[in-house]
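Written below as structure tokens is the structure these notes are about.
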Amino acid sequence: MDLGLQGRQAIVCASSQGLGYACAQALAAEGCAVFLNGRHEDKLQAAAQALQAASGARVTPVAADLRTEEGRARLLAACPEPDILVNNNAGPPPGRLADWDHAAWLDAFEANFLPGALLIRAVVPGMRSRRFGRIVNITSAMVKSPQPEMGLSAAARSALTALAKAVSREAAIDNVTLNNLLPERFDTPRQEAMAQRLVCEHGITREEARGRIADTLPARRLGRPEELGAACAFLCSVHAGFITGQNLGLDGGAGTSLL
């Protein structure tokens with residue numbers, strides 16, 4: 001299927017590795033000019049070189065901390081008229097209510113709500129005037145099924161979900177869509193950190209830890225990043241203009257809600 005993305009410009013946040021990089025890969029393969037983002041220059045440059053070599057697409061690395069106004073401005077200066085925005089950022093660590101003081105709440109919202117919200121605010125007017133725009137937020141399955149230890153992440157990401165839904169109702173008339181991908185248990189550095197947490201807590205091997213994580217899903221395996229990347233590319237395509245304000249779960253069947 002031709003997704004109709006040849007020549008489009010795509011900003012992909014936090015894309016030097018993991019799910020962000022997988023989205024960038026999928027969009028580059030469809031002919032997008034991709035603007036990669038990360039905080040660590042060396043890692044970002046390596047990712048950009050690998051992606052350009054693999055896809056032949058134009059790849060521009062933009063080192064910036066999107067939690068800061070300066071970082072967001074740098075990214076938007078590199079790509080002032082994006083057709084596509086993929087919001088993504090690492091989530092806060094698991095914990096308990098007693099762990100989450102004022103500073104922890106501020107940090108979570110500075111990382112997982114405000115960057116996405118402010119980038120949406122910056123790009124939607126231009127997308128609407130050009131009559132094409134696709135915004136995809138990578139959030140979490142915890143938005144639909146919050147777990148006690150992930151309450152901090154779920155709260156911040158749910159705020160971004162609510163904003164996307166609100167904006168989607170106004171922007172749809174101009175062929176601008178906003179949707180959310182809700183992943184759980186993908187084979188990324190984040191999941192590796194979760195496995196190492198189990199290793200330390202239970203004195204088991206890495207392989208046992210990964211097996212325990214995979215066994216929490218009906219699919220009995222971890223998700224492959226390229227599976228999420230493909231879903232992202234479709235939501236960004238010309239064929240997805242009638243899909244907006246939606247939450248797509250990618251969780252190996254773990255979700256128990258009907259809707």
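Labeling convention for the structure tokens: chains A, B, ... as they appear, residues from 1 per chain, ligands from 1 in order of appearance.
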Ala73 in chain A environment, 12 Å, only C-alpha atoms, sequence neighbours closer than 6 positions dropped, as a list in words: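 Counting only the stated atoms, we get Val62, Ala63, Ala64, Asp65, Leu66, Arg67, Cys79, Pro80, Pro115, Leu118, Leu119, Ala122 and Val123 of chain A.
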Skip Ala117 in chain A itself and residues of its chain fewer than 6 positions away, then list as a PyMOL selection string all residues within 12 Å of it, counting only C-alpha atoms. chain A and resi 66-67+72+85-88+109-111+123-124+135-137+156-167+178
Store the residues picked out above, limited to N, CA and C atoms, as a compact mmCIF listing (two decimals), in the first residue's frame.
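Heads up, here's the output in result_30.txt:
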# COMPACT_ATOMS: atom_id res chain seq x y z
N LEU A 66 13.48 18.40 24.93
CA LEU A 66 12.16 18.95 24.66
C LEU A 66 11.41 19.36 25.92
N ARG A 67 12.02 19.11 27.06
CA ARG A 67 11.42 19.62 28.30
C ARG A 67 11.68 21.11 28.47
N ARG A 72 12.63 22.93 22.44
CA ARG A 72 11.49 22.88 21.51
C ARG A 72 11.68 23.88 20.37
N LEU A 85 3.92 15.12 13.17
CA LEU A 85 4.57 15.24 14.46
C LEU A 85 4.30 13.97 15.25
N VAL A 86 5.37 13.30 15.65
CA VAL A 86 5.24 12.13 16.53
C VAL A 86 5.80 12.53 17.89
N ASN A 87 4.92 12.66 18.86
CA ASN A 87 5.33 13.01 20.22
C ASN A 87 5.73 11.75 20.99
N ASN A 88 6.85 11.83 21.66
CA ASN A 88 7.36 10.67 22.39
C ASN A 88 8.35 11.17 23.42
N PHE A 109 5.10 15.63 34.49
CA PHE A 109 4.33 16.44 33.55
C PHE A 109 5.24 17.25 32.63
N GLU A 110 6.43 17.62 33.12
CA GLU A 110 7.40 18.31 32.26
C GLU A 110 7.92 17.38 31.17
N ALA A 111 7.93 16.09 31.43
CA ALA A 111 8.46 15.14 30.45
C ALA A 111 7.37 14.57 29.54
N VAL A 123 2.40 23.53 16.10
CA VAL A 123 2.33 23.04 14.72
C VAL A 123 0.92 22.98 14.14
N VAL A 124 -0.09 22.89 14.98
CA VAL A 124 -1.45 22.71 14.45
C VAL A 124 -1.91 23.87 13.57
N ILE A 135 -0.70 14.05 13.67
CA ILE A 135 -0.03 14.06 14.97
C ILE A 135 -0.31 12.72 15.64
N VAL A 136 0.75 12.05 16.04
CA VAL A 136 0.65 10.77 16.74
C VAL A 136 1.42 10.89 18.05
N ASN A 137 0.74 10.63 19.14
CA ASN A 137 1.37 10.63 20.46
C ASN A 137 1.61 9.20 20.91
N ALA A 156 0.21 11.65 33.74
CA ALA A 156 0.77 12.63 32.80
C ALA A 156 0.36 12.31 31.36
N ARG A 157 0.40 11.04 31.01
CA ARG A 157 0.06 10.66 29.64
C ARG A 157 -1.43 10.81 29.37
N SER A 158 -2.26 10.59 30.38
CA SER A 158 -3.69 10.79 30.21
C SER A 158 -4.02 12.25 29.93
N ALA A 159 -3.25 13.15 30.51
CA ALA A 159 -3.47 14.58 30.23
C ALA A 159 -3.22 14.88 28.77
N LEU A 160 -2.16 14.31 28.19
CA LEU A 160 -1.88 14.52 26.77
C LEU A 160 -2.98 13.89 25.91
N THR A 161 -3.47 12.73 26.33
CA THR A 161 -4.56 12.07 25.62
C THR A 161 -5.79 12.96 25.58
N ALA A 162 -6.12 13.57 26.70
CA ALA A 162 -7.30 14.44 26.77
C ALA A 162 -7.14 15.65 25.86
N LEU A 163 -5.94 16.25 25.87
CA LEU A 163 -5.71 17.40 25.01
C LEU A 163 -5.86 17.02 23.54
N ALA A 164 -5.27 15.89 23.16
CA ALA A 164 -5.35 15.45 21.76
C ALA A 164 -6.80 15.26 21.33
N LYS A 165 -7.59 14.67 22.20
CA LYS A 165 -9.00 14.48 21.86
C LYS A 165 -9.70 15.81 21.66
N ALA A 166 -9.44 16.76 22.55
CA ALA A 166 -10.08 18.07 22.45
C ALA A 166 -9.70 18.78 21.15
N VAL A 167 -8.41 18.79 20.84
CA VAL A 167 -7.94 19.49 19.64
C VAL A 167 -8.42 18.79 18.37
N LEU A 178 -5.29 13.83 15.11
CA LEU A 178 -4.49 13.58 16.31
C LEU A 178 -4.92 12.25 16.90
DSSP strand (DSSP E or B) residues within range 23-225 of chain A, as a PyMOL selection string: chain A and resi 33-38+59-63+84-87+133-138+176-183+186+223
Those selected residues, please, written with N, CA, C and O atoms and delivered as a compact mmCIF listing (two decimals), in the first residue's frame.
# COMPACT_ATOMS: atom_id res chain seq x y z
N ALA A 33 10.98 13.03 4.74
CA ALA A 33 12.17 13.64 5.31
C ALA A 33 11.97 13.66 6.83
O ALA A 33 10.98 14.21 7.31
N VAL A 34 12.88 13.03 7.54
CA VAL A 34 12.67 12.80 8.97
C VAL A 34 13.63 13.65 9.79
O VAL A 34 14.84 13.71 9.51
N PHE A 35 13.09 14.27 10.82
CA PHE A 35 13.88 15.05 11.77
C PHE A 35 13.94 14.26 13.07
O PHE A 35 12.95 14.18 13.81
N LEU A 36 15.11 13.65 13.29
CA LEU A 36 15.32 12.85 14.50
C LEU A 36 15.64 13.77 15.66
O LEU A 36 16.27 14.82 15.50
N ASN A 37 15.26 13.33 16.86
CA ASN A 37 15.51 14.14 18.04
C ASN A 37 16.01 13.27 19.19
O ASN A 37 15.58 12.13 19.36
N GLY A 38 16.93 13.82 19.96
CA GLY A 38 17.41 13.19 21.17
C GLY A 38 18.25 14.18 21.96
O GLY A 38 18.58 15.26 21.44
N VAL A 59 17.60 12.67 6.45
CA VAL A 59 17.47 12.56 7.90
C VAL A 59 18.27 13.68 8.54
O VAL A 59 19.47 13.82 8.30
N THR A 60 17.60 14.46 9.37
CA THR A 60 18.24 15.59 10.04
C THR A 60 18.20 15.37 11.54
O THR A 60 17.11 15.32 12.12
N PRO A 61 19.36 15.23 12.18
CA PRO A 61 19.36 15.08 13.64
C PRO A 61 19.28 16.44 14.33
O PRO A 61 19.96 17.39 13.92
N VAL A 62 18.45 16.52 15.35
CA VAL A 62 18.30 17.76 16.11
C VAL A 62 18.45 17.43 17.60
O VAL A 62 17.53 16.89 18.22
N ALA A 63 19.62 17.73 18.15
CA ALA A 63 19.86 17.47 19.56
C ALA A 63 19.16 18.55 20.38
O ALA A 63 19.46 19.73 20.24
N ILE A 84 4.01 16.08 9.78
CA ILE A 84 3.81 15.00 10.76
C ILE A 84 4.56 15.35 12.03
O ILE A 84 5.71 15.81 11.97
N LEU A 85 3.92 15.12 13.17
CA LEU A 85 4.57 15.24 14.46
C LEU A 85 4.30 13.97 15.25
O LEU A 85 3.14 13.61 15.46
N VAL A 86 5.37 13.30 15.65
CA VAL A 86 5.24 12.13 16.53
C VAL A 86 5.80 12.53 17.89
O VAL A 86 7.01 12.74 18.04
N ASN A 87 4.92 12.66 18.86
CA ASN A 87 5.33 13.01 20.22
C ASN A 87 5.73 11.75 20.99
O ASN A 87 5.00 10.75 20.98
N GLY A 133 -2.20 17.40 8.11
CA GLY A 133 -1.39 17.25 9.32
C GLY A 133 -1.72 15.94 10.01
O GLY A 133 -2.88 15.51 10.05
N ARG A 134 -0.68 15.30 10.52
CA ARG A 134 -0.86 14.06 11.27
C ARG A 134 -0.03 14.17 12.55
O ARG A 134 1.20 14.35 12.49
N ILE A 135 -0.70 14.05 13.67
CA ILE A 135 -0.03 14.06 14.97
C ILE A 135 -0.31 12.72 15.64
O ILE A 135 -1.47 12.31 15.78
N VAL A 136 0.75 12.05 16.04
CA VAL A 136 0.65 10.77 16.74
C VAL A 136 1.42 10.89 18.05
O VAL A 136 2.60 11.22 18.04
N ASN A 137 0.74 10.63 19.14
CA ASN A 137 1.37 10.63 20.46
C ASN A 137 1.61 9.20 20.91
O ASN A 137 0.67 8.39 20.94
N ILE A 138 2.86 8.88 21.22
CA ILE A 138 3.15 7.57 21.81
C ILE A 138 2.97 7.72 23.32
O ILE A 138 3.76 8.40 23.99
N VAL A 176 -6.49 17.54 9.57
CA VAL A 176 -5.45 17.38 10.58
C VAL A 176 -5.98 16.42 11.64
O VAL A 176 -7.05 16.66 12.21
N THR A 177 -5.26 15.34 11.85
CA THR A 177 -5.71 14.33 12.80
C THR A 177 -4.74 14.21 13.97
O THR A 177 -3.55 14.47 13.84
N LEU A 178 -5.29 13.83 15.11
CA LEU A 178 -4.49 13.58 16.31
C LEU A 178 -4.92 12.25 16.90
O LEU A 178 -6.11 12.07 17.24
N ASN A 179 -3.97 11.32 17.00
CA ASN A 179 -4.25 10.00 17.53
C ASN A 179 -3.13 9.57 18.49
O ASN A 179 -2.04 10.17 18.50
N ASN A 180 -3.42 8.55 19.25
CA ASN A 180 -2.47 8.07 20.26
C ASN A 180 -2.21 6.58 20.09
O ASN A 180 -3.14 5.80 19.86
N LEU A 181 -0.95 6.19 20.21
CA LEU A 181 -0.56 4.79 20.25
C LEU A 181 -0.28 4.42 21.69
O LEU A 181 0.48 5.11 22.39
N LEU A 182 -0.88 3.33 22.15
CA LEU A 182 -0.78 2.91 23.55
C LEU A 182 -0.03 1.58 23.64
O LEU A 182 -0.64 0.51 23.63
N PRO A 183 1.30 1.62 23.70
CA PRO A 183 2.07 0.38 23.73
C PRO A 183 2.20 -0.21 25.13
O PRO A 183 2.10 0.50 26.14
N PHE A 186 7.00 -3.60 24.88
CA PHE A 186 7.78 -3.69 23.65
C PHE A 186 9.25 -3.91 23.99
O PHE A 186 9.74 -3.47 25.03
N GLY A 223 6.48 -7.07 22.24
CA GLY A 223 6.21 -6.45 20.96
C GLY A 223 7.49 -6.07 20.25
O GLY A 223 8.50 -5.76 20.88
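Close contacts of Arg210 in chain A, defined as residues with an atom at most 9 Å away when counting only C-alpha atoms, with chain neighbours fewer than 3 positions off set aside, comprise Gln191, Glu192, Met194, Ala195, Gln196, Leu198, Thr205, Arg206, Glu207, Ile213, Ala214, Asp215 and Leu222 of chain A.
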Could you give me, as number ranges by chain, each residue of range 79-241 of chain A that DSSP assigns to helix (DSSP H, G or I) when run on this structure's backbone? A: 97-99, 102-112, 114-130, 141-143, 148-174, 189-202, 206-214, 225-235, 238-240
Could you list, as a list of chain:residue names, every residue within 7 Å of Gly7 in chain A, counting only C-alpha atoms and ignoring same-chain residues fewer than 2 positions away? A:Leu5, A:Gln9, A:Gly31, A:Cys32, A:Ala33
Any chance you can output those residues with C-alpha atoms as a short mmCIF file (atom, residue, chain, number, x, y, z; two decimals), in the first residue's frame?
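Output contents, as saved in selection24.cif:
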data_model
loop_
_atom_site.label_atom_id
_atom_site.label_comp_id
_atom_site.auth_asym_id
_atom_site.auth_seq_id
_atom_site.Cartn_x
_atom_site.Cartn_y
_atom_site.Cartn_z
CA LEU A 5 3.83 10.23 2.34
CA GLN A 9 8.32 16.31 6.57
CA GLY A 31 9.76 8.68 1.65
CA CYS A 32 9.42 11.22 4.43
CA ALA A 33 12.17 13.64 5.31
#
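When CA of Arg8 in chain A is paired with CA of Pro82 in chain A, their separation reads 7.7 Å.
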Nearest to Gly255 in chain A, restricted to only C-alpha atoms and choosing among A:Thr68, A:Ser153, A:Ser16, A:Gln147, comes out as A:Gln147
If I take CA of Ala47 in chain A and CA of Asp107 in chain A, how far is one from the other in Å, to one decimal?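 Between CA of Ala47 in chain A and CA of Asp107 in chain A the gap works out to 26.5 Å.
With only C-alpha atoms taken into account, the protein and nucleic acid residues at most 9 Å from Val238 in chain A (excluding it and anything under 4 positions from it in its own chain) are Leu3, Gly4, Leu5, Phe132 and Phe234 of chain A.
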Same residues, N, CA, C and O atoms, saved as a CSV table (one decimal), in the first residue's frame:
chain,number,residue,atom,x,y,z
A,3,LEU,N,1.3,4.8,1.1
A,3,LEU,CA,0.8,5.6,2.2
A,3,LEU,C,0.7,7.1,1.8
A,3,LEU,O,0.1,7.9,2.6
A,4,GLY,N,1.2,7.4,0.6
A,4,GLY,CA,1.1,8.8,0.2
A,4,GLY,C,1.9,9.8,1.0
A,4,GLY,O,1.5,11.0,1.1
A,5,LEU,N,3.0,9.4,1.5
A,5,LEU,CA,3.8,10.2,2.3
A,5,LEU,C,5.1,10.7,1.7
A,5,LEU,O,5.9,11.4,2.3
A,132,PHE,N,-3.2,19.7,5.7
A,132,PHE,CA,-2.7,18.3,6.0
A,132,PHE,C,-1.9,18.3,7.2
A,132,PHE,O,-1.0,19.2,7.4
A,234,PHE,N,0.9,4.2,9.3
A,234,PHE,CA,-0.5,4.2,8.7
A,234,PHE,C,-1.3,5.4,9.2
A,234,PHE,O,-2.0,6.0,8.5
Measure the distance from CA of Ala103 in chain A to CA of Arg121 in chain A in Å and round it to one decimal.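 So the two atoms, CA of Ala103 in chain A and CA of Arg121 in chain A, lie 25.1 Å apart.
Of the residues under consideration (A:Asp251, A:Ala240, A:Gly95, A:Ala171), A:Gly95 shows the shortest atom-to-atom contact distance to Arg197 in chain A when counting only C-alpha atoms.
Taking only C-alpha atoms into account, Phe242 in chain A lies nearest to A:Asp174 out of the set A:Glu208, A:Glu201, A:Asp174, A:Glu226.
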Judged by only C-alpha atoms, the minimum distance to Leu228 in chain A among A:Met1, A:Ala104, A:Ala53, A:Leu250 is found for A:Leu250
